[in-house]
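query39.txt follows; it contains compact mmCIF, C-alpha atoms and all ligand atoms.
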```
# COMPACT_ATOMS: atom_id res chain seq x y z
CA MET A 1 -1.62 -167.04 -46.27
CA ALA A 2 -5.15 -167.59 -47.54
CA VAL A 3 -5.78 -170.16 -50.25
CA LYS A 4 -5.32 -168.35 -53.53
CA GLU A 5 -8.11 -169.68 -55.74
CA ASN A 6 -7.47 -166.90 -58.26
CA SER A 7 -3.83 -167.77 -58.68
CA ASN A 8 -2.54 -170.14 -61.32
CA PRO A 9 -3.33 -173.78 -60.61
CA THR A 10 -0.47 -175.75 -59.13
CA VAL A 11 -1.99 -179.06 -60.24
CA GLY A 12 -4.09 -179.50 -63.35
CA ILE A 13 -5.35 -182.92 -64.42
CA ASN A 14 -7.28 -182.69 -67.67
CA ASN A 15 -9.32 -185.68 -68.82
CA LEU A 16 -6.58 -188.03 -67.78
CA SER A 17 -6.83 -191.56 -69.07
CA PHE A 18 -4.15 -194.11 -68.33
CA THR A 19 -3.57 -197.81 -68.86
CA TYR A 20 -0.57 -199.71 -67.55
CA PRO A 21 1.20 -200.84 -70.69
CA GLY A 22 1.66 -204.43 -71.74
CA ILE A 23 5.09 -205.84 -72.52
CA ASP A 24 5.13 -204.13 -75.93
CA GLY A 25 4.58 -200.74 -74.29
CA HIS A 26 1.03 -200.43 -75.62
CA PRO A 27 -2.25 -200.93 -73.80
CA PRO A 28 -3.16 -204.60 -74.19
CA PRO A 29 -5.84 -205.09 -76.85
CA GLY A 30 -9.29 -204.95 -75.28
CA SER A 31 -8.09 -203.28 -72.11
CA THR A 32 -10.08 -200.49 -70.56
CA PRO A 33 -8.19 -197.56 -69.07
CA LEU A 34 -7.47 -197.92 -65.39
CA ILE A 35 -7.75 -194.16 -64.89
CA HIS A 36 -10.53 -192.73 -66.94
CA ASP A 37 -11.62 -189.17 -67.75
CA PHE A 38 -10.10 -187.81 -64.57
CA SER A 39 -9.96 -184.05 -64.13
CA LEU A 40 -8.94 -182.02 -61.13
CA THR A 41 -7.57 -178.56 -60.44
CA LEU A 42 -5.71 -177.49 -57.31
CA HIS A 43 -4.30 -174.16 -56.20
CA PRO A 44 -1.59 -172.92 -53.84
CA GLY A 45 -2.47 -173.66 -50.24
CA ASN A 46 -4.82 -176.56 -51.04
CA ARG A 47 -4.45 -179.64 -48.83
CA CYS A 48 -6.28 -182.33 -50.64
CA LEU A 49 -7.17 -185.71 -49.19
CA LEU A 50 -7.35 -188.43 -51.82
CA VAL A 51 -9.63 -191.25 -50.69
CA GLY A 52 -10.94 -194.44 -52.22
CA SER A 53 -11.02 -198.17 -51.67
CA ASN A 54 -8.08 -200.50 -52.24
CA GLY A 55 -7.18 -200.62 -55.92
CA ALA A 56 -9.19 -197.50 -56.78
CA GLY A 57 -6.20 -195.88 -58.49
CA LYS A 58 -4.90 -193.42 -55.88
CA THR A 59 -1.26 -194.47 -56.09
CA THR A 60 -1.42 -194.57 -59.86
CA ILE A 61 -2.73 -191.00 -59.97
CA LEU A 62 -0.07 -189.79 -57.53
CA LYS A 63 2.67 -191.53 -59.49
CA ILE A 64 1.45 -190.01 -62.74
CA LEU A 65 1.44 -186.58 -61.06
CA GLY A 66 4.92 -187.32 -59.74
CA GLY A 67 6.18 -187.97 -63.27
CA LYS A 68 6.70 -191.68 -62.73
CA HIS A 69 4.42 -192.77 -65.56
CA MET A 70 4.29 -191.21 -68.99
CA VAL A 71 1.09 -189.56 -70.11
CA GLU A 72 0.43 -186.98 -72.77
CA PRO A 73 1.81 -183.66 -71.50
CA HIS A 74 -1.51 -181.80 -71.69
CA MET A 75 -3.23 -184.35 -69.43
CA VAL A 76 -1.23 -183.57 -66.32
CA ARG A 77 0.34 -180.23 -65.49
CA VAL A 78 2.19 -179.58 -62.26
CA LEU A 79 3.25 -175.97 -61.78
CA GLY A 80 2.34 -175.56 -65.43
CA ARG A 81 4.77 -178.26 -66.53
CA SER A 82 4.68 -181.94 -67.41
CA ALA A 83 6.27 -183.87 -64.57
CA PHE A 84 7.26 -186.82 -66.73
CA HIS A 85 8.89 -184.77 -69.47
CA ASP A 86 10.36 -182.00 -67.32
CA THR A 87 12.56 -183.82 -64.84
CA ALA A 88 13.78 -180.51 -63.36
CA LEU A 89 10.42 -180.34 -61.57
CA THR A 90 11.42 -183.16 -59.25
CA SER A 91 15.18 -182.62 -59.22
CA SER A 92 14.65 -179.03 -58.06
CA GLY A 93 12.46 -180.28 -55.19
CA ASP A 94 9.51 -178.16 -56.37
CA LEU A 95 7.58 -181.39 -56.88
CA CYS A 96 8.05 -184.11 -54.32
CA TYR A 97 6.52 -187.60 -54.26
CA LEU A 98 6.73 -189.51 -51.01
CA GLY A 99 5.44 -193.04 -51.19
CA GLY A 100 6.64 -196.44 -50.21
CA GLU A 101 9.92 -195.85 -51.95
CA TRP A 102 13.13 -194.77 -50.34
CA ARG A 103 14.17 -191.25 -51.29
CA ARG A 104 17.79 -190.24 -51.65
CA ASP A 105 17.36 -186.48 -51.30
CA VAL A 106 19.17 -185.16 -48.31
CA ALA A 107 17.66 -182.23 -46.53
CA PHE A 108 17.08 -180.64 -43.19
CA ALA A 109 13.71 -179.19 -42.11
CA GLY A 110 12.09 -182.52 -41.27
CA PHE A 111 14.70 -183.43 -38.67
CA GLU A 112 13.14 -181.02 -36.21
CA VAL A 113 9.52 -181.92 -36.87
CA LEU A 114 10.10 -185.64 -36.89
CA ASP A 115 12.61 -185.71 -34.05
CA VAL A 116 15.09 -187.68 -36.05
CA ASP A 117 18.05 -188.66 -33.92
CA LEU A 118 21.25 -188.38 -35.93
CA SER A 119 22.75 -191.26 -33.96
CA TRP A 120 20.19 -193.72 -35.36
CA ARG A 121 21.67 -196.37 -37.58
CA LEU A 122 19.21 -197.56 -40.19
CA HIS A 123 19.89 -201.27 -39.81
CA LYS A 124 19.04 -200.98 -36.13
CA VAL A 125 16.06 -198.63 -36.04
CA SER A 126 12.40 -199.57 -35.77
CA ASP A 127 10.03 -199.35 -38.75
CA GLY A 128 8.63 -196.10 -37.37
CA GLN A 129 12.05 -194.56 -36.88
CA ARG A 130 13.07 -195.60 -40.39
CA ARG A 131 9.88 -194.06 -41.74
CA ARG A 132 10.60 -190.80 -39.95
CA VAL A 133 14.00 -190.61 -41.59
CA GLN A 134 12.51 -191.38 -45.00
CA ILE A 135 9.84 -188.72 -44.65
CA CYS A 136 12.12 -186.00 -43.40
CA MET A 137 14.62 -186.69 -46.16
CA GLY A 138 11.86 -186.12 -48.67
CA LEU A 139 10.67 -182.94 -47.04
CA LEU A 140 13.90 -181.10 -46.66
CA LYS A 141 13.64 -179.09 -49.82
CA PRO A 142 10.90 -176.44 -49.79
CA PHE A 143 8.45 -178.25 -52.06
CA LYS A 144 5.72 -176.43 -53.93
CA VAL A 145 3.67 -179.55 -54.63
CA LEU A 146 3.88 -182.56 -52.34
CA LEU A 147 2.36 -185.95 -53.14
CA LEU A 148 2.01 -188.20 -50.12
CA ASP A 149 1.07 -191.83 -50.51
CA GLU A 150 0.06 -193.28 -47.13
CA ILE A 151 3.26 -192.25 -45.45
CA THR A 152 2.23 -192.11 -41.83
CA VAL A 153 1.46 -195.80 -41.25
CA ASP A 154 4.43 -196.46 -39.00
CA LEU A 155 4.48 -193.15 -37.19
CA ASP A 156 3.49 -192.89 -33.55
CA VAL A 157 0.67 -190.55 -32.55
CA LEU A 158 2.95 -187.65 -31.70
CA ALA A 159 5.11 -187.89 -34.81
CA ARG A 160 2.02 -188.09 -36.99
CA ALA A 161 0.37 -185.11 -35.31
CA ASP A 162 3.54 -183.01 -35.60
CA LEU A 163 4.00 -183.98 -39.24
CA LEU A 164 0.41 -183.07 -40.12
CA LYS A 165 0.83 -179.74 -38.33
CA PHE A 166 4.06 -179.05 -40.20
CA LEU A 167 2.45 -179.89 -43.54
CA ARG A 168 -0.53 -177.68 -42.83
CA LYS A 169 1.78 -174.79 -42.00
CA GLU A 170 3.68 -175.31 -45.25
CA CYS A 171 0.40 -174.86 -47.13
CA GLU A 172 -0.86 -171.92 -45.11
CA GLU A 173 2.39 -169.98 -44.90
CA ARG A 174 4.16 -170.85 -48.14
CA GLY A 175 1.21 -171.68 -50.38
CA ALA A 176 2.38 -175.23 -50.94
CA THR A 177 -0.10 -177.74 -52.38
CA ILE A 178 -0.42 -181.22 -50.90
CA ILE A 179 -2.28 -184.27 -52.11
CA TYR A 180 -2.42 -186.95 -49.47
CA ALA A 181 -3.73 -190.45 -50.21
CA THR A 182 -4.62 -192.28 -47.04
CA HIS A 183 -6.90 -194.78 -45.32
CA ILE A 184 -6.00 -193.44 -41.89
CA PHE A 185 -8.26 -190.62 -40.75
CA ASP A 186 -6.91 -190.19 -37.26
CA GLY A 187 -6.14 -186.53 -36.65
CA LEU A 188 -7.28 -185.56 -40.14
CA GLU A 189 -10.70 -184.18 -39.25
CA ASP A 190 -9.68 -180.54 -39.66
CA TRP A 191 -6.57 -181.02 -41.74
CA PRO A 192 -7.66 -181.10 -45.41
CA SER A 193 -9.02 -178.10 -47.26
CA HIS A 194 -10.47 -180.38 -49.95
CA ILE A 195 -11.40 -183.99 -50.43
CA VAL A 196 -11.29 -186.05 -53.60
CA TYR A 197 -12.92 -189.46 -53.83
CA VAL A 198 -11.88 -191.88 -56.54
CA ALA A 199 -13.46 -195.25 -57.37
CA HIS A 200 -12.46 -197.61 -60.18
CA GLY A 201 -10.06 -195.00 -61.56
CA LYS A 202 -12.79 -192.40 -61.94
CA LEU A 203 -13.35 -189.20 -60.07
CA GLN A 204 -16.48 -189.52 -57.98
CA LEU A 205 -16.37 -186.33 -56.02
CA ALA A 206 -14.16 -183.32 -55.45
CA MET A 207 -15.18 -180.76 -52.88
CA PRO A 208 -13.94 -178.39 -50.22
CA MET A 209 -14.10 -179.75 -46.68
CA ASP A 210 -16.53 -177.10 -45.50
CA LYS A 211 -19.00 -178.35 -48.12
CA VAL A 212 -18.46 -181.90 -46.91
CA LYS A 213 -19.30 -180.74 -43.40
CA GLU A 214 -22.40 -178.95 -44.66
CA THR A 215 -23.68 -182.13 -46.27
CA SER A 216 -22.70 -184.63 -43.60
CA ASN A 217 -22.98 -184.57 -39.83
CA LEU A 218 -20.73 -187.57 -39.61
CA SER A 219 -17.03 -187.53 -38.83
CA LEU A 220 -14.65 -187.53 -41.80
CA MET A 221 -13.96 -191.22 -41.35
CA ARG A 222 -17.66 -192.12 -41.14
CA THR A 223 -18.41 -189.96 -44.16
CA VAL A 224 -15.80 -191.74 -46.25
CA GLU A 225 -16.95 -195.09 -44.85
CA GLN A 226 -20.45 -194.28 -46.02
CA TRP A 227 -19.21 -193.51 -49.55
CA LEU A 228 -17.18 -196.70 -49.76
CA ARG A 229 -20.03 -198.78 -48.37
CA LYS A 230 -22.34 -197.39 -51.01
CA GLU A 231 -19.75 -198.13 -53.69
CA ARG A 232 -19.39 -201.71 -52.47
CA ASP A 233 -23.14 -202.26 -52.23
CA GLU A 234 -23.64 -200.99 -55.78
CA ALA A 235 -20.84 -203.25 -57.05
CA ARG A 236 -22.48 -206.22 -55.32
CA LYS A 237 -25.84 -205.31 -56.82
CA ARG A 238 -24.33 -205.09 -60.33
CA ARG A 239 -22.69 -208.49 -59.87
CA LYS A 240 -25.97 -209.99 -58.74
CA GLU A 241 -27.74 -208.56 -61.77
CA ARG A 242 -25.05 -209.88 -64.11
CA LYS A 243 -25.37 -213.31 -62.55
CA ALA A 244 -29.16 -213.20 -62.85
CA ASN A 245 -28.73 -212.36 -66.55
CA GLY A 246 -26.49 -215.36 -67.09
CA LEU A 247 -23.34 -213.24 -67.40
CA PRO A 248 -20.12 -213.90 -65.51
CA GLU A 249 -20.33 -212.29 -62.08
CA PHE A 250 -17.12 -210.29 -62.59
CA GLU A 251 -16.49 -208.30 -65.73
CA LYS A 252 -13.41 -209.50 -67.57
CA HIS A 253 -10.51 -207.06 -67.37
CA VAL A 254 -7.49 -207.24 -69.60
CA ASP A 255 -4.49 -206.32 -67.51
CA GLY A 256 -1.22 -204.80 -68.60
CA SER A 257 1.93 -206.40 -67.33
CA ARG A 258 3.18 -205.04 -64.04
CA VAL A 259 5.67 -202.35 -64.77
CA THR A 260 8.12 -200.41 -62.69
CA GLY A 261 7.68 -196.69 -62.44
CA ASP A 262 11.17 -195.80 -63.63
CA PRO A 263 10.71 -192.85 -66.02
CA ALA A 264 13.82 -193.85 -67.96
CA LEU A 265 12.31 -197.25 -68.69
CA ALA A 266 8.94 -195.77 -69.37
CA ALA A 267 10.47 -193.28 -71.80
CA ALA A 268 11.61 -196.18 -73.89
CA ARG A 269 8.04 -197.34 -74.18
CA ALA A 270 5.53 -196.00 -76.60
CA LEU A 271 2.98 -193.51 -75.38
CA ASN A 272 0.31 -195.55 -73.70
CA ASN A 273 -2.57 -193.18 -73.90
CA GLY A 274 -4.79 -191.70 -76.53
CA TRP A 275 -8.01 -193.06 -75.15
CA ALA A 276 -11.21 -191.29 -75.99
CA ALA A 277 -11.85 -188.79 -73.26
CA GLY A 278 -15.10 -187.24 -72.17
CA ARG A 279 -15.41 -184.11 -70.06
CA LEU A 280 -15.94 -184.09 -66.37
CA ASN A 281 -15.08 -180.45 -65.72
CA SER A 282 -14.14 -181.45 -62.25
CA THR A 283 -12.49 -178.74 -60.30
CA ILE A 284 -12.18 -177.86 -56.70
CA ALA A 285 -11.26 -174.28 -57.39
CA GLY A 286 -13.50 -171.40 -56.46
CA GLU A 287 -16.97 -171.29 -55.03
CA GLU A 288 -18.60 -173.43 -57.73
CA ASN A 289 -16.54 -176.41 -56.83
CA PHE A 290 -19.10 -178.84 -55.59
CA VAL A 291 -18.72 -181.21 -58.46
CA PHE A 292 -19.97 -184.69 -58.96
CA SER A 293 -18.66 -186.56 -61.93
CA SER A 294 -20.97 -188.02 -64.53
CA ASN A 295 -19.90 -191.47 -63.39
CA ARG A 296 -20.56 -190.89 -59.73
CA VAL A 297 -21.58 -193.69 -57.46
CA LEU A 298 -23.01 -191.31 -54.91
CA ARG A 299 -26.57 -190.95 -56.01
CA GLN A 300 -28.71 -188.98 -53.63
N1 LIG A 401 2.71 -201.33 -62.07
C1 LIG A 401 1.48 -201.79 -62.33
N2 LIG A 401 1.22 -202.49 -63.47
C2 LIG A 401 -0.04 -202.93 -63.74
N3 LIG A 401 -1.10 -202.71 -62.94
C3 LIG A 401 -0.91 -202.03 -61.81
C4 LIG A 401 0.40 -201.52 -61.44
N4 LIG A 401 0.28 -200.87 -60.26
C5 LIG A 401 -1.03 -200.96 -59.90
N5 LIG A 401 -1.73 -201.65 -60.82
C6 LIG A 401 -3.19 -201.92 -60.77
O1 LIG A 401 -3.86 -200.67 -60.81
C7 LIG A 401 -5.00 -200.69 -59.96
C8 LIG A 401 -4.94 -199.47 -59.06
O2 LIG A 401 -3.85 -199.60 -58.20
P1 LIG A 401 -3.38 -198.44 -57.23
O3 LIG A 401 -2.15 -198.92 -56.52
O4 LIG A 401 -3.28 -197.17 -57.99
O5 LIG A 401 -4.63 -198.35 -56.23
P2 LIG A 401 -4.78 -197.61 -54.82
O6 LIG A 401 -6.06 -196.84 -54.86
O7 LIG A 401 -3.55 -196.84 -54.51
O8 LIG A 401 -4.94 -198.83 -53.83
P3 LIG A 401 -4.53 -199.01 -52.27
O9 LIG A 401 -5.50 -198.20 -51.47
O10 LIG A 401 -4.73 -200.46 -52.07
O11 LIG A 401 -3.10 -198.58 -52.12
C9 LIG A 401 -4.99 -202.00 -59.21
O12 LIG A 401 -5.94 -202.85 -59.84
C10 LIG A 401 -3.59 -202.53 -59.43
O13 LIG A 401 -3.57 -203.93 -59.51
```
Starting from the file, lay out its structure as structure tokens.
Amino acid sequence: MAVKENSNPTVGINNLSFTYPGIDGHPPPGSTPLIHDFSLTLHPGNRCLLVGSNGAGKTTILKILGGKHMVEPHMVRVLGRSAFHDTALTSSGDLCYLGGEWRRDVAFAGFEVLDVDLSWRLHKVSDGQRRRVQICMGLLKPFKVLLLDEITVDLDVLARADLLKFLRKECEERGATIIYATHIFDGLEDWPSHIVYVAHGKLQLAMPMDKVKETSNLSLMRTVEQWLRKERDEARKRRKERKANGLPEFEKHVDGSRVTGDPALAAARALNNGWAAGRLNSTIAGEENFVFSSNRVLRQ
């Protein structure tokens, strides 16, 4: 099945701003949003690689999409619904988040792809075998939107290759949408249909892979490396300038307390958004989808 850019978006992020709440459930006074003015649109069949340096906000974005953190309903729509407020999205299996956390869903399809041996006992298996079981348990329902947070770390080459092939097929044949956050680019060269680069909680770039290939002769990994290197060099330059101007080298950030992602707990907290939002109009839908955000670090 071809990617249906004219169909309804499966994922719509609209000027998302998010701050981890402090202990009173509100953004700590003086805090700046961790995720800021983030917009993105995805369609059935899209396989989107989410890249960025450590701490850029990838997991936070995936967890928000997965309904694990509360945001205003209009900011994040998955299959036209708010994942946080409409828990049927995840309980039905239509929306599936696979991260570091153990999933309790029991299902079937992944057993074949991941070669899970039913005689394995989880206290005895290797990390990679345990990971295979975790992944296949999460994939057993026919998801429509799948959020993957660096799930292939422990997988051997064959298991990883088979999993990526399976996921690609799910997108091509069933029109599923996948967002995959990873630092591992092995075997990914021709896997994604789109790439999204986030830095400091802001969208830097969202574009189809064929456009990436048009603009860069480098491999996917080298291309991303180049982006991150540029980001780091610019950060170093800014710090140097601050120091030269007698300012502290690092800008002061007010952090929220660390919170768990339990929606039930989060529901008890006050809404932690309402930050002024600009417009990025970032979209990776259609032909006009070569979009740089206004806060890009990738100057030509
Ligand atoms: N539960 C939390 N409470 C408060 N701050 C958090 C929480 N989880 C993450 N953060 C902060 O949010 C920022 C973004 O973290 P996040 O895990 O989203 O980044 P990431 O891009 O997934 O990083 P990595 O590539 O290292 O996994 C970091 O500065 C982190 O310290």
Response to the item:
Closest of A:Glu225, A:Asp154, A:Glu241, A:Asp190 to Val51 of chain A, counting only C-alpha atoms, is A:Glu225
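Close contacts of Thr10 of chain A, defined as residues with an atom at most 8 Å away when counting all atoms listed in the file, with chain neighbours fewer than 4 positions off set aside, comprise Thr41, Leu42, His43, Pro44, Arg77, Val78, Leu79, Gly80, Val145 and Thr177 of chain A.
Distances here use only C-alpha atoms; by that measure, the residue among A:Lys211, A:Arg229, A:Lys144, A:Lys63 closest to Ser92 of chain A is A:Lys144.
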Listed atoms of ligand LIG 401 (chain A), axis-aligned box, 8 Å per side: centre and edge lengths to one decimal in Å, as lines of an AutoDock Vina configuration file?
```
center_x = -1.7
center_y = -200.4
center_z = -57.6
size_x = 24.8
size_y = 23.1
size_z = 28.3
```
Item to complete: Between A:Met70, A:Gly93, A:Arg81, A:Glu234, single out the one closest to Gly25 of chain A, counting all atoms listed in the file.
Response: A:Met70
Worksheet item: If you count all atoms listed in the file, which residues end up within 9 Å of ligand LIG 401 (chain A), as a count of residues only?
Response: 35
Worksheet item: So how far away is atom CA of Phe143 of chain A from atom CA of Glu170 of chain A, in Å?
Response: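 Atom CA of Glu170 of chain A sits 8.8 Å away from atom CA of Phe143 of chain A.
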Worksheet item: Which residue out of A:Asn46, A:Asn15, A:Thr87, A:Asn8 has the minimum interatomic distance to Lys202 of chain A when all atoms listed in the file are used?
Response: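 Among A:Asn46, A:Asn15, A:Thr87, A:Asn8, it is A:Asn15 that comes nearest to Lys202 of chain A.
For the set A:Gly12, A:Met207, A:Arg242, A:Met75, the residue with the smallest atom-to-atom gap to Ser193 of chain A is A:Met207, counting all atoms listed in the file.
Near segment 195-197 of chain A, within 8 Å and counting all atoms listed in the file, sit Cys48, Leu49, Leu50, Val51, Gly52, Pro192, Leu203, Gln204, Leu205, Ala206, Met207, Pro208 and Met209 of chain A, not including residues fewer than 3 positions from it in the same chain.
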Worksheet item: How would you write as a ChimeraX atom specification the residues that get within 12 Å of (-23.3, -212.5, -63.1) in the file's frame, counting only C-alpha atoms?
Response: /A:235-252
Practice prompt. Could you tell me how far atom CA of Ile179 of chain A lies from atom CA of Leu164 of chain A, in Å and to one decimal?
Written response: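 Distance reported for this atom pair: 12.3 Å.
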Worksheet item: Expressed in Å to a single decimal, how great is the separation between atom CA of Tyr180 of chain A and atom CA of Arg168 of chain A?
Response: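 For atom CA of Tyr180 of chain A relative to atom CA of Arg168 of chain A, the distance reads 11.6 Å.
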Worksheet entry | Residue among A:Arg232, A:Arg47, A:Arg222, A:His69 lying closest to Glu172 of chain A, counting only C-alpha atoms |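 Of the candidates, the smallest distance to Glu172 of chain A is held by A:Arg47.
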Generate the coordinates of N, CA and C atoms for segment 40-63 of chain A; report them as a short mmCIF file (atom, residue, chain, number, x, y, z; two decimals), keeping the file's coordinate frame.
```cif
data_model
loop_
_atom_site.label_atom_id
_atom_site.label_comp_id
_atom_site.auth_asym_id
_atom_site.auth_seq_id
_atom_site.Cartn_x
_atom_site.Cartn_y
_atom_site.Cartn_z
N LEU A 40 -9.03 -182.62 -62.45
CA LEU A 40 -8.94 -182.02 -61.13
C LEU A 40 -8.03 -180.80 -61.20
N THR A 41 -8.41 -179.75 -60.48
CA THR A 41 -7.57 -178.56 -60.44
C THR A 41 -7.31 -178.16 -58.99
N LEU A 42 -6.06 -177.93 -58.67
CA LEU A 42 -5.71 -177.49 -57.31
C LEU A 42 -4.90 -176.21 -57.36
N HIS A 43 -4.96 -175.46 -56.26
CA HIS A 43 -4.30 -174.16 -56.20
C HIS A 43 -3.36 -174.09 -55.01
N PRO A 44 -2.51 -173.05 -54.99
CA PRO A 44 -1.59 -172.92 -53.84
C PRO A 44 -2.36 -172.91 -52.53
N GLY A 45 -1.85 -173.62 -51.57
CA GLY A 45 -2.47 -173.66 -50.24
C GLY A 45 -3.45 -174.81 -50.06
N ASN A 46 -3.86 -175.45 -51.16
CA ASN A 46 -4.82 -176.56 -51.04
C ASN A 46 -4.16 -177.77 -50.38
N ARG A 47 -4.88 -178.36 -49.44
CA ARG A 47 -4.45 -179.64 -48.83
C ARG A 47 -5.55 -180.63 -49.16
N CYS A 48 -5.24 -181.50 -50.06
CA CYS A 48 -6.28 -182.33 -50.64
C CYS A 48 -6.12 -183.78 -50.19
N LEU A 49 -7.18 -184.31 -49.60
CA LEU A 49 -7.17 -185.71 -49.19
C LEU A 49 -7.70 -186.54 -50.34
N LEU A 50 -6.94 -187.56 -50.72
CA LEU A 50 -7.35 -188.43 -51.82
C LEU A 50 -7.81 -189.75 -51.21
N VAL A 51 -9.10 -190.05 -51.33
CA VAL A 51 -9.63 -191.25 -50.69
C VAL A 51 -10.25 -192.18 -51.72
N GLY A 52 -10.34 -193.44 -51.35
CA GLY A 52 -10.94 -194.44 -52.22
C GLY A 52 -10.57 -195.82 -51.72
N SER A 53 -11.28 -196.83 -52.17
CA SER A 53 -11.02 -198.17 -51.67
C SER A 53 -9.72 -198.73 -52.25
N ASN A 54 -9.29 -199.86 -51.73
CA ASN A 54 -8.08 -200.50 -52.24
C ASN A 54 -8.22 -200.73 -53.75
N GLY A 55 -7.18 -200.37 -54.47
CA GLY A 55 -7.18 -200.62 -55.92
C GLY A 55 -7.94 -199.59 -56.73
N ALA A 56 -8.39 -198.51 -56.08
CA ALA A 56 -9.19 -197.50 -56.78
C ALA A 56 -8.37 -196.71 -57.80
N GLY A 57 -7.06 -196.62 -57.55
CA GLY A 57 -6.20 -195.88 -58.49
C GLY A 57 -5.48 -194.69 -57.87
N LYS A 58 -5.51 -194.58 -56.55
CA LYS A 58 -4.90 -193.42 -55.88
C LYS A 58 -3.38 -193.35 -56.13
N THR A 59 -2.72 -194.46 -55.89
CA THR A 59 -1.26 -194.47 -56.09
C THR A 59 -0.91 -194.20 -57.54
N THR A 60 -1.68 -194.78 -58.43
CA THR A 60 -1.42 -194.57 -59.86
C THR A 60 -1.53 -193.09 -60.20
N ILE A 61 -2.55 -192.44 -59.69
CA ILE A 61 -2.73 -191.00 -59.97
C ILE A 61 -1.56 -190.20 -59.38
N LEU A 62 -1.19 -190.52 -58.15
CA LEU A 62 -0.07 -189.79 -57.53
C LEU A 62 1.22 -190.01 -58.30
N LYS A 63 1.43 -191.25 -58.75
CA LYS A 63 2.67 -191.53 -59.49
C LYS A 63 2.68 -190.82 -60.84
#
```
